[in-house]
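K.L.:
Below is the structure I would like to discuss, written out as structure tokens.
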Amino acid sequence: MPSTGIVKYHVKLSFDVDGLVEKADIIGAIFGQTEGLLGPEMNLNELQKVSKVGRIEVNTTATSTQTNGDALLPMSTDITTAALIAAAIESIDKVGPFVAHFKLEAIDDVRSAKKKEIVDRAKAIVQKWSTKTISEGEEMLKDVSEGGTGKIAAFGREKLACGSGVFDSPWIILVEGRADVINLLRAGFDNALAIEGARIDESIKELCNSKSKVIAFLDGDRAGGFILKELKAMVNIDVVHRAPEGVEVEELTPQQIADILKETAEDMKRETAKPMLKDPNDESIANIAKKVYENLNESLEAVALDDGLNELFKVPVSEVVVKLSAGSGIKYLVLDGIITQRLIDAAKEAGIECVIGHRIANLKNTDGLVLKTFTDLGVA
């Protein structure tokens with residue numbers, strides 16, 4: 001179609017011909033046998049001249065005695081004209097000397113398809129560019145949605161809402177309600193337990209006594225203050241965190257939660273982390289990070305390097321876990337994102353020695369891997 005024509009519809013037809021014909025024969029029949037049927041204003045030749053009909057595309061397959069195929073007419077007319085043209089083509093009964101049958105398969109509204117493409121592309125743009133400025137807590141949320149950090153569970157005879165990590169995490173976060181537990185899961189913390197106004201029974205006391213640290217994370221309202229007094233009377237609380245004044249924990253963003261719990265989480269990580277491998281040392285790791293940081297930062301990608309620092313692959317962070325496999329020769333994994341437990345588990349299986357990223361999430365264990373952030377290494 002000439003550049004001045006805007007395609008509105010794709011008229012799609014199928015055909016079968018009782019003989020061997022070429023594409024040119026099909027096109028000739030479409031033009032020749034529809035001419036004059038609908039008046040001069042709907043003559044295909046004339047419609048092409050004024051950019052109402054584009055170049056007709058024909059595909060054929062042939063057997064020894066028959067030709068089958070399909071034809072597509074791009075049109076910028078109204079739907080009524082497109083339907084009349086389609087009906088006229090369906091009336092074709094011969095191509096050359098051979099009996100033929102044409103059938104309309106569809107009239108696709110190109111604009112609707114284009115709108116869908118625009119919407120899909122817009123979603124992709126939003127996902128890509130909003131993620132470039134996404135909070136670290138929201139990146140933890142993504143990992144939660146992929147099943148990497150835990151899910152909602154129940155504790156005790158009261159079936160109190162909790163994160164699945166409550167049972168084996170070395171520390172626990174006491175919150176007021178189920179919505180708070182879910183919000184902490186979104187931020188990457190799966191070790192929260194909701195007291196839900198329930199009386200603190202022996203099972204909860206025993207659970208708290210089994211942990212190396214008990215954190216109270218309560219709403220920033222007056223009720224949160226009363227609950228804190230009750231908690232302190234029944235359980236040994238090591239650290240108290242409160243939402244901002246007048247704000248409930250369930251209303252916080254993942255980033256706000258990550259910021260509030262940051263220091264406590266880092267303290268616990270240092271207490272529970274296994275000894276790191278001595279080889280390679282920090283200086284050599286920093287050199288590796290510097291080598292890739294400039295091209296990797298804000299790309300949301302991960303780079304795998306072998307022992308000789310050769311790049312084995314570069315993929316989006318969201319795809320890196322499925323890309324890792326044993327025997328791949330990867331020694332260093334550097335990513336523009338958060339180092340999560342799910343990633344650590346996959347890295348261990350792949351035989352990786354060192355993982356470098358922007359932030360290290362709340363981990364249950366490190367499996368002896370060397371974990372570094374760009375900030376630790378003085379790169380960012």
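Convention: chains lettered A, B, ... in structure tokens order; per-chain residue numbering from 1; ligands numbered from 1 as shown.
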List the spatial neighbours of range 301-307 of chain A as a PyMOL selection string - criterion: any atom at most 10 Å away, only C-alpha atoms, same-chain residues fewer than 3 positions off excluded.
P.N.:
chain A and resi 288+292+295-298+310-321+323-324+328-337+352-353+355-357
K.L.:
Do a neighbour search on Val17 in chain A at 6 Å with only C-alpha atoms, toss out local chain neighbours closer than 3 positions, and write the hits as a ChimeraX atom specification.
P.N.:
/A:66-67,99-100
K.L.:
Which is closer to Leu252 in chain A than all the others in A:Phe217, A:Phe167, A:Phe15, A:Phe98, using only C-alpha atoms?
P.N.:
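Looking at the shortest contact to Leu252 in chain A, the residue is A:Phe217.
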K.L.:
Which polymer residues have any atom within 10 Å of an atom of Gly156 in chain A, counting only C-alpha atoms, with same-chain residues fewer than 2 positions away left out, as a PyMOL selection string?
P.N.:
chain A and resi 154+158-161+201-204+207
K.L.:
List every residue of range 119-360 of chain A that DSSP, applied to the backbone, labels as alpha helix (DSSP H), and write the result as a VMD selection string.
P.N.:
chain A and resid 119 to 132 136 to 145 178 to 186 202 to 209 222 to 234 254 to 272 282 to 296 320 to 323 341 to 349
